[in-house]
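S.K.: Following this line is run.cif, made up of mmCIF, C-alpha atoms:
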```cif
data_upload
#
loop_
_atom_site.label_atom_id
_atom_site.label_comp_id
_atom_site.auth_asym_id
_atom_site.auth_seq_id
_atom_site.Cartn_x
_atom_site.Cartn_y
_atom_site.Cartn_z
CA MET O 229 173.35 -49.40 44.36
CA THR O 230 170.78 -47.41 46.33
CA ALA O 231 167.60 -47.00 44.38
CA ARG O 232 166.34 -43.45 44.82
CA LEU O 233 162.97 -43.50 46.51
CA PRO O 234 160.59 -40.82 45.27
CA ARG O 235 159.77 -38.32 48.02
CA SER O 236 156.78 -36.03 47.81
CA ALA O 237 154.87 -33.72 50.14
CA ILE O 238 151.26 -34.56 50.85
CA GLU O 239 148.44 -32.04 51.29
CA PRO O 240 145.03 -32.25 52.99
CA LYS O 241 142.04 -31.86 50.66
CA ASN O 242 140.63 -29.38 53.18
CA PRO O 243 142.95 -26.34 52.88
CA ARG O 244 142.00 -25.18 56.41
CA LEU O 245 143.86 -28.21 57.72
CA ASN O 246 147.05 -27.23 55.92
CA VAL O 247 148.15 -25.60 59.15
CA SER O 248 151.89 -25.48 58.65
CA ARG O 249 151.63 -23.95 55.19
CA GLY O 250 148.93 -21.51 56.30
CA ALA O 251 151.05 -20.30 59.24
CA ASN O 252 154.18 -20.25 57.06
CA LEU O 253 155.88 -22.80 59.30
CA PRO O 254 158.88 -24.63 57.83
CA HIS O 255 157.30 -28.05 57.56
CA VAL O 256 154.76 -29.83 55.41
CA PRO O 257 151.76 -31.84 56.70
CA GLY O 258 153.41 -35.04 55.61
CA ILE O 259 155.88 -36.73 53.31
CA ARG O 260 155.31 -39.78 51.22
CA VAL O 261 158.45 -41.81 50.57
CA GLY O 262 158.51 -45.30 49.14
CA PRO O 263 155.72 -47.31 50.74
CA TYR O 264 155.37 -44.96 53.75
CA ILE O 265 153.70 -41.71 54.74
CA PHE O 266 155.27 -39.72 57.58
CA LEU O 267 152.82 -37.20 59.05
CA SER O 268 153.87 -34.15 61.01
CA GLY O 269 152.58 -33.77 64.55
CA MET O 270 148.97 -32.62 64.39
CA GLY O 271 147.02 -30.54 66.87
CA PRO O 272 143.31 -29.95 67.45
CA ILE O 273 142.30 -27.70 64.56
CA ASP O 274 138.62 -27.16 63.79
CA PRO O 275 138.23 -28.34 60.18
CA VAL O 276 135.49 -25.77 59.51
CA THR O 277 137.04 -22.61 60.94
CA GLY O 278 140.73 -23.55 60.86
CA GLU O 279 140.98 -22.28 64.44
CA ARG O 280 142.46 -24.22 67.35
CA ASN O 281 139.91 -26.19 69.33
CA HIS O 282 140.75 -25.86 73.01
CA GLY O 283 137.68 -27.63 74.35
CA PRO O 284 137.70 -30.66 76.65
CA ILE O 285 140.60 -33.06 76.00
CA ALA O 286 138.26 -35.74 74.59
CA GLU O 287 137.10 -33.23 71.98
CA GLN O 288 140.69 -32.22 71.18
CA ILE O 289 141.72 -35.85 70.68
CA ARG O 290 138.67 -36.53 68.50
CA THR O 291 139.33 -33.47 66.36
CA THR O 292 143.01 -34.31 65.97
CA LEU O 293 142.44 -37.97 65.03
CA SER O 294 139.64 -37.01 62.68
CA ASN O 295 142.00 -34.55 60.97
CA MET O 296 144.68 -37.24 60.82
CA GLN O 297 142.17 -39.50 59.10
CA HIS O 298 141.44 -36.72 56.60
CA MET O 299 145.14 -36.17 55.98
CA LEU O 300 145.80 -39.85 55.35
CA GLU O 301 142.76 -40.26 53.13
CA SER O 302 143.74 -37.15 51.17
CA ALA O 303 146.97 -38.98 50.35
CA GLY O 304 145.26 -42.27 49.43
CA SER O 305 146.01 -43.96 52.76
CA SER O 306 143.76 -44.58 55.78
CA LEU O 307 143.73 -45.12 59.53
CA GLU O 308 143.75 -48.89 58.86
CA ARG O 309 147.20 -48.51 57.34
CA VAL O 310 148.79 -46.68 60.28
CA VAL O 311 151.68 -48.67 61.73
CA ARG O 312 152.99 -46.35 64.44
CA VAL O 313 151.51 -43.49 66.47
CA HIS O 314 153.04 -41.02 68.91
CA VAL O 315 150.54 -39.38 71.24
CA VAL O 316 151.84 -36.41 73.20
CA LEU O 317 149.62 -34.83 75.84
CA ALA O 318 150.15 -31.60 77.72
CA ASP O 319 148.83 -33.26 80.89
CA VAL O 320 149.67 -36.87 81.72
CA ALA O 321 146.41 -37.06 83.71
CA ASP O 322 144.50 -36.94 80.39
CA MET O 323 145.74 -40.43 79.39
CA PRO O 324 142.49 -42.28 80.28
CA GLU O 325 140.36 -39.78 78.31
CA MET O 326 142.77 -40.03 75.38
CA GLU O 327 142.52 -43.82 75.51
CA ARG O 328 138.72 -43.71 75.51
CA VAL O 329 138.50 -41.59 72.37
CA TYR O 330 141.53 -43.14 70.64
CA ARG O 331 139.96 -46.60 70.54
CA GLU O 332 136.97 -45.23 68.61
CA PHE O 333 139.40 -44.55 65.76
CA PHE O 334 141.40 -47.78 66.06
CA PRO O 335 138.82 -50.37 67.19
CA ILE O 336 140.62 -53.49 65.91
CA ASP O 337 144.30 -54.39 65.49
CA PRO O 338 145.48 -50.91 66.47
CA PRO O 339 148.92 -49.56 65.49
CA ALA O 340 152.04 -49.61 67.65
CA ARG O 341 151.80 -46.62 69.98
CA THR O 342 153.83 -44.67 72.48
CA ALA O 343 152.19 -42.01 74.62
CA TRP O 344 153.80 -39.52 76.96
CA SER O 345 153.42 -35.99 78.21
CA MET O 346 155.49 -32.87 77.63
CA GLN O 347 155.16 -29.17 76.95
CA LEU O 348 153.16 -28.37 73.81
CA ARG O 349 152.84 -25.20 71.81
CA PHE O 350 149.84 -22.89 71.41
CA GLY O 351 148.05 -24.20 74.51
CA ASN O 352 147.19 -27.44 72.72
CA GLY O 353 146.18 -30.34 74.94
CA CYS O 354 147.48 -32.93 72.50
CA GLU O 355 149.73 -33.45 69.52
CA ILE O 356 149.63 -36.67 67.53
CA GLU O 357 151.91 -37.89 64.76
CA CYS O 358 151.93 -41.13 62.81
CA LEU O 359 153.63 -43.31 60.27
CA ALA O 360 151.41 -45.17 57.81
CA LEU O 361 151.69 -47.40 54.81
CA ALA O 362 150.85 -45.32 51.75
CA THR O 363 148.59 -47.79 49.98
CA MET H 743 153.23 -54.65 45.16
CA SER H 744 152.36 -52.62 48.24
CA PRO H 745 153.43 -53.99 51.60
CA ARG H 746 150.78 -55.23 53.94
CA ARG H 747 150.23 -54.04 57.46
CA GLU H 748 150.33 -56.87 59.90
CA VAL H 749 149.74 -56.92 63.62
CA ILE H 750 151.94 -59.59 65.10
CA VAL H 751 150.81 -61.67 68.02
CA ALA H 752 153.98 -63.68 68.25
CA SER H 753 154.29 -64.29 71.95
CA PRO H 754 152.32 -64.11 75.17
CA LEU H 755 154.14 -60.86 75.85
CA ALA H 756 152.91 -59.32 72.64
CA ARG H 757 149.40 -60.35 73.45
CA ASP H 758 149.76 -58.94 76.92
CA GLY H 759 151.09 -55.69 75.58
CA ALA H 760 147.96 -55.13 73.54
CA SER H 761 145.42 -56.32 76.03
CA ARG H 762 146.95 -56.27 79.49
CA PHE H 763 145.95 -52.74 80.34
CA GLY H 764 142.91 -52.86 78.07
CA ARG H 765 144.51 -50.41 75.69
CA ALA H 766 144.10 -49.86 71.99
CA VAL H 767 147.74 -50.68 71.33
CA SER H 768 149.42 -53.48 69.40
CA THR H 769 152.87 -54.22 70.76
CA LEU H 770 154.30 -55.35 67.42
CA VAL H 771 153.21 -54.12 64.01
CA ARG H 772 154.93 -55.04 60.78
CA GLY H 773 154.61 -52.81 57.75
CA GLY H 774 156.87 -53.35 54.77
CA ASP H 775 160.45 -54.18 55.72
CA PHE H 776 160.12 -52.80 59.23
CA LEU H 777 158.81 -53.96 62.56
CA PHE H 778 157.38 -51.22 64.79
CA VAL H 779 157.47 -51.85 68.53
CA SER H 780 155.22 -49.86 70.86
CA GLY H 781 156.64 -48.00 73.81
CA LEU H 782 157.31 -50.67 76.43
CA THR H 783 157.16 -50.25 80.19
CA ALA H 784 158.77 -52.67 82.63
CA VAL H 785 156.68 -55.82 82.87
CA ASP H 786 157.40 -59.17 84.52
CA PRO H 787 157.51 -61.62 81.59
CA ASP H 788 155.96 -64.42 83.63
CA SER H 789 153.13 -62.69 85.44
CA GLY H 790 152.60 -59.88 82.94
CA GLU H 791 152.42 -57.46 85.87
CA ARG H 792 154.00 -54.03 85.88
CA VAL H 793 157.33 -54.02 87.69
CA ARG H 794 158.22 -50.86 89.54
CA GLY H 795 161.89 -50.41 90.27
CA THR H 796 164.82 -48.13 89.65
CA THR H 797 165.54 -46.63 86.25
CA ALA H 798 168.27 -49.26 85.83
CA SER H 799 166.07 -52.22 86.77
CA GLU H 800 163.12 -51.02 84.65
CA THR H 801 165.50 -50.56 81.70
CA ARG H 802 166.76 -54.11 82.16
CA HIS H 803 163.23 -55.55 82.33
CA ILE H 804 162.20 -53.68 79.20
CA LEU H 805 165.25 -54.73 77.17
CA VAL H 806 164.99 -58.40 78.22
CA ASN H 807 161.37 -58.33 77.06
CA LEU H 808 162.21 -56.38 73.91
CA LYS H 809 164.81 -58.97 72.93
CA GLN H 810 162.25 -61.75 73.33
CA LEU H 811 159.55 -59.81 71.44
CA LEU H 812 161.86 -59.05 68.52
CA GLU H 813 163.04 -62.64 68.24
CA ALA H 814 159.50 -63.99 68.41
CA ALA H 815 158.64 -61.72 65.47
CA GLY H 816 161.60 -62.83 63.35
CA SER H 817 163.85 -59.89 64.20
CA SER H 818 166.54 -59.34 66.84
CA LEU H 819 168.41 -56.66 68.76
CA ASP H 820 171.11 -56.46 66.08
CA LYS H 821 168.44 -55.56 63.50
CA VAL H 822 167.13 -52.56 65.44
CA VAL H 823 167.66 -49.34 63.50
CA LYS H 824 166.22 -46.71 65.85
CA VAL H 825 165.38 -46.54 69.52
CA ASN H 826 163.51 -43.85 71.43
CA VAL H 827 164.00 -43.83 75.19
CA LEU H 828 161.75 -41.75 77.41
CA LEU H 829 162.93 -41.14 80.96
CA HIS H 830 161.05 -39.62 83.89
CA SER H 831 164.19 -37.62 84.61
CA MET H 832 167.17 -36.91 82.41
CA LEU H 833 169.32 -37.10 85.55
CA GLU H 834 168.76 -40.86 85.28
CA ALA H 835 170.27 -41.09 81.79
CA PRO H 836 173.62 -42.52 83.00
CA ASN H 837 171.80 -45.23 84.98
CA MET H 838 169.79 -46.19 81.90
CA ASN H 839 172.88 -46.11 79.68
CA GLU H 840 174.89 -48.42 81.87
CA VAL H 841 172.27 -51.17 81.47
CA TYR H 842 171.40 -50.29 77.88
CA ALA H 843 174.98 -50.63 76.67
CA ARG H 844 175.08 -54.30 77.69
CA PHE H 845 172.20 -55.29 75.40
CA PHE H 846 173.05 -54.04 71.93
CA PRO H 847 175.94 -55.48 69.89
CA GLU H 848 178.32 -53.10 68.11
CA PRO H 849 177.36 -50.94 66.34
CA PRO H 850 174.27 -50.15 68.44
CA PRO H 851 171.22 -48.56 66.78
CA ALA H 852 170.51 -44.85 66.36
CA ARG H 853 168.86 -43.54 69.50
CA THR H 854 167.12 -40.53 71.03
CA VAL H 855 166.68 -40.02 74.77
CA CYS H 856 164.15 -37.53 76.16
CA GLY H 857 162.92 -36.58 79.60
CA ALA H 858 159.11 -36.50 79.81
CA ARG H 859 156.14 -37.10 82.08
CA LEU H 860 155.38 -40.80 81.68
CA PRO H 861 152.08 -42.63 82.23
CA ASP H 862 151.67 -45.50 84.75
CA ASP H 863 154.35 -44.05 87.05
CA ALA H 864 156.88 -45.51 84.63
CA LYS H 865 160.49 -44.42 85.03
CA VAL H 866 161.40 -45.63 81.54
CA ILE H 867 159.59 -46.25 78.26
CA ILE H 868 161.47 -47.69 75.28
CA GLU H 869 160.19 -48.07 71.72
CA CYS H 870 162.04 -49.14 68.61
CA THR H 871 161.93 -49.78 64.90
CA ALA H 872 163.71 -52.83 63.53
CA LEU H 873 164.27 -54.64 60.27
CA VAL H 874 162.44 -57.91 60.00
#
```
Any chance you could put this one into structure tokens?

M.R.:
Amino acid sequence: MTARLPRSAIEPKNPRLNVSRGANLPHVPGIRVGPYIFLSGMGPIDPVTGERNHGPIAEQIRTTLSNMQHMLESAGSSLERVVRVHVVLADVADMPEMERVYREFFPIDPPARTAWSMQLRFGNGCEIECLALAT
Amino acid sequence: MSPRREVIVASPLARDGASRFGRAVSTLVRGGDFLFVSGLTAVDPDSGERVRGTTASETRHILVNLKQLLEAAGSSLDKVVKVNVLLHSMLEAPNMNEVYARFFPEPPPARTVCGARLPDDAKVIIECTALV
């Protein structure tokens, strides 16, 4: 009765952004299943050095969303196909700065979004995950 | 055929959700068979203003609005599959639950409740995913 949906891991074209695999963490950057792509939470990783970018929060948000765009495009999707976003900040006071940079990436008809603040790993100021349509 | 992504502006509330606070957020987004609802804070459905109250009263405001939003988009509370509830304090979980339990028919959707720091001095934020 239940048709088996194919499930496959996705990879960024830039190997420096394959953070979880590089650090031997037990998760993949994302999973494609049926018409959807589920991305893991992403942090501010410099795409050139592969190091964490702990600059001003605006820069961290820009780096993270830019990497998310790369991840989606590596899998044949795009920011325009994102349906839901979770934005987690280390400091709730960074919400206005997040908002300012975020809208550069989603200027029209943005996705559904929930944003909140809680403890993050590695001193990251933000972690962002999303769900997108695959094609 | 691949599903389309569609931002739904089905009701004044949905429009408010996206524009009220000048934020880059769409309250309702449909993609494939699912409707994705942004994290909602307590808002007066008539004035569109933020309502600040107790955890119980904010929960009630949010769920009344959620019901209306879902129905305007061709879904309903009994088609919700997953809910995420964010609370400013997990000590308030019983107060949220008491109100929450009155809204969803049996069997209620899957749900996660977390304590977190919330924007806008909100005591509760609720988001969900529903079948259309």

S.K.: Dump as a tab-separated table the rows for residues of chain H within 6 Å of chain O: closest atom pair and distance in Å with one decimal, all atoms listed in the file counted, ordered by chain and rising residue number.

M.R.:
```
residue	atom	partner	partner_atom	distance
H:Ala766	CA	O:Arg331	CA	5.5
H:Val767	CA	O:Pro338	CA	5.4
H:Ser768	CA	O:Ala340	CA	5.0
H:Thr769	CA	O:Ala340	CA	5.6
H:Val771	CA	O:Ala340	CA	5.9
H:Val779	CA	O:Ala340	CA	5.9
H:Ser780	CA	O:Ala340	CA	4.5
H:Gly781	CA	O:Thr342	CA	4.6
H:Ala858	CA	O:Met346	CA	5.6
H:Arg859	CA	O:Ser345	CA	4.9
H:Leu860	CA	O:Trp344	CA	5.1
```

S.K.: For the residues in the current selection, export C-alpha atoms as a short mmCIF file (atom, residue, chain, number, x, y, z; two decimals), keeping the file's coordinate frame.

M.R.:
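Done, and the output landed in result.cif:
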```cif
data_model
loop_
_atom_site.label_atom_id
_atom_site.label_comp_id
_atom_site.auth_asym_id
_atom_site.auth_seq_id
_atom_site.Cartn_x
_atom_site.Cartn_y
_atom_site.Cartn_z
CA ALA H 766 144.10 -49.86 71.99
CA VAL H 767 147.74 -50.68 71.33
CA SER H 768 149.42 -53.48 69.40
CA THR H 769 152.87 -54.22 70.76
CA VAL H 771 153.21 -54.12 64.01
CA VAL H 779 157.47 -51.85 68.53
CA SER H 780 155.22 -49.86 70.86
CA GLY H 781 156.64 -48.00 73.81
CA ALA H 858 159.11 -36.50 79.81
CA ARG H 859 156.14 -37.10 82.08
CA LEU H 860 155.38 -40.80 81.68
#
```

S.K.: How would you write, as a CSV table (one decimal) with C-alpha atoms, in the coordinates of the input, the residues chosen by the PyMOL selection byres ((chain O and resi 260) around 9) on this structure?

M.R.:
```csv
chain,number,residue,atom,x,y,z
O,234,PRO,CA,160.6,-40.8,45.3
O,235,ARG,CA,159.8,-38.3,48.0
O,236,SER,CA,156.8,-36.0,47.8
O,237,ALA,CA,154.9,-33.7,50.1
O,238,ILE,CA,151.3,-34.6,50.8
O,258,GLY,CA,153.4,-35.0,55.6
O,259,ILE,CA,155.9,-36.7,53.3
O,261,VAL,CA,158.4,-41.8,50.6
O,262,GLY,CA,158.5,-45.3,49.1
O,263,PRO,CA,155.7,-47.3,50.7
O,264,TYR,CA,155.4,-45.0,53.8
O,265,ILE,CA,153.7,-41.7,54.7
O,266,PHE,CA,155.3,-39.7,57.6
O,267,LEU,CA,152.8,-37.2,59.0
O,303,ALA,CA,147.0,-39.0,50.4
O,362,ALA,CA,150.8,-45.3,51.8
```

S.K.: Which residues are close to Leu873 in chain H, i.e. within 8 Å by only C-alpha atoms, leaving aside same-chain residues fewer than 4 positions away? Reply as a list of chain:residue names.

M.R.: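 Returned residues: H:Asp775, H:Phe776, H:Leu777, H:Ser817, H:Lys821, H:Val822, H:Val823.
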
S.K.: Would you list the contacts of Glu239 in chain O as a list in words, taking every protein, DNA or RNA residue within 12 Å and counting all atoms listed in the file, but skipping same-chain residues closer than 5 positions in sequence?

M.R.: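 In the requested form, the answer reads Arg244, Leu245, Asn246, Val247, Ser248, Arg249, Gly250, His255, Val256, Pro257, Gly258, Ile259, Arg260, Ile265, Leu267, Ser268, Asn295, Met296, His298, Met299, Leu300, Glu301, Ser302, Ala303 and Gly304 of chain O.
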
S.K.: Between H:Gly764, H:Arg853, H:Asp863, H:Arg772, single out the one closest to Arg746 in chain H, counting all atoms listed in the file.

M.R.: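 For Arg746 in chain H, the nearest of the given residues is H:Arg772.
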
S.K.: Write out as a list in words each polymer residue whose atoms come within 12 Å of Thr797 in chain H, counting all atoms listed in the file; drop sequence neighbours fewer than 5 positions from it.

M.R.: Thr783, Ala784, Arg802, His803, Ile804, Val827, Leu828, Leu829, His830, Ser831, Met832, Leu833, Glu834, Ala835, Pro836, Asn837, Met838, Asn839, Glu840, Val841, Tyr842, Asp863, Ala864, Lys865, Val866, Ile867 and Ile868 of chain H

S.K.: Just want the 10 Å neighbourhood of Leu819 in chain H, counted on only C-alpha atoms, with same-chain residues fewer than 2 positions away dropped. Output as a ChimeraX atom specification.

M.R.: /H:805,808-813,817,821-823,845-847,850-851,870,872-873

S.K.: Take the residues from that selection and write them out as an mmCIF file, keeping the file's coordinate frame, keeping C-alpha atoms.

M.R.:
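This went into again16.cif:
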```cif
data_model
loop_
_atom_site.group_PDB
_atom_site.id
_atom_site.type_symbol
_atom_site.label_atom_id
_atom_site.label_comp_id
_atom_site.auth_asym_id
_atom_site.auth_seq_id
_atom_site.Cartn_x
_atom_site.Cartn_y
_atom_site.Cartn_z
ATOM 1 C CA LEU H 805 165.250 -54.730 77.170
ATOM 2 C CA LEU H 808 162.210 -56.380 73.910
ATOM 3 C CA LYS H 809 164.810 -58.970 72.930
ATOM 4 C CA GLN H 810 162.250 -61.750 73.330
ATOM 5 C CA LEU H 811 159.550 -59.810 71.440
ATOM 6 C CA LEU H 812 161.860 -59.050 68.520
ATOM 7 C CA GLU H 813 163.040 -62.640 68.240
ATOM 8 C CA SER H 817 163.850 -59.890 64.200
ATOM 9 C CA LYS H 821 168.440 -55.560 63.500
ATOM 10 C CA VAL H 822 167.130 -52.560 65.440
ATOM 11 C CA VAL H 823 167.660 -49.340 63.500
ATOM 12 C CA PHE H 845 172.200 -55.290 75.400
ATOM 13 C CA PHE H 846 173.050 -54.040 71.930
ATOM 14 C CA PRO H 847 175.940 -55.480 69.890
ATOM 15 C CA PRO H 850 174.270 -50.150 68.440
ATOM 16 C CA PRO H 851 171.220 -48.560 66.780
ATOM 17 C CA CYS H 870 162.040 -49.140 68.610
ATOM 18 C CA ALA H 872 163.710 -52.830 63.530
ATOM 19 C CA LEU H 873 164.270 -54.640 60.270
#
```

S.K.: Written as a PyMOL selection string, what is the full residue list that the PyMOL selection byres ((chain O and resi 281-290) around 7) yields on the file shown?

M.R.: chain O and resi 272-274+279-280+291-294+325-326+329+352-354

S.K.: Distance CA of Asn807 in chain H-CA of Leu307 in chain O, one decimal place?

M.R.: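 CA of Leu307 in chain O lies at a distance of 28.2 Å from CA of Asn807 in chain H.
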
S.K.: Identify which of the residues O:Gln297, O:Asn242, O:Ser305, O:Asn252 lies closest to Met270 in chain O, counting only C-alpha atoms when measuring atom-to-atom distances.

M.R.: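 Checking each of O:Gln297, O:Asn242, O:Ser305, O:Asn252 against Met270 in chain O, counting only C-alpha atoms, the winner is O:Gln297.
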
S.K.: How far is it from CA of Val785 in chain H to CA of Val806 in chain H, in Å with one decimal?

M.R.: 9.9 Å
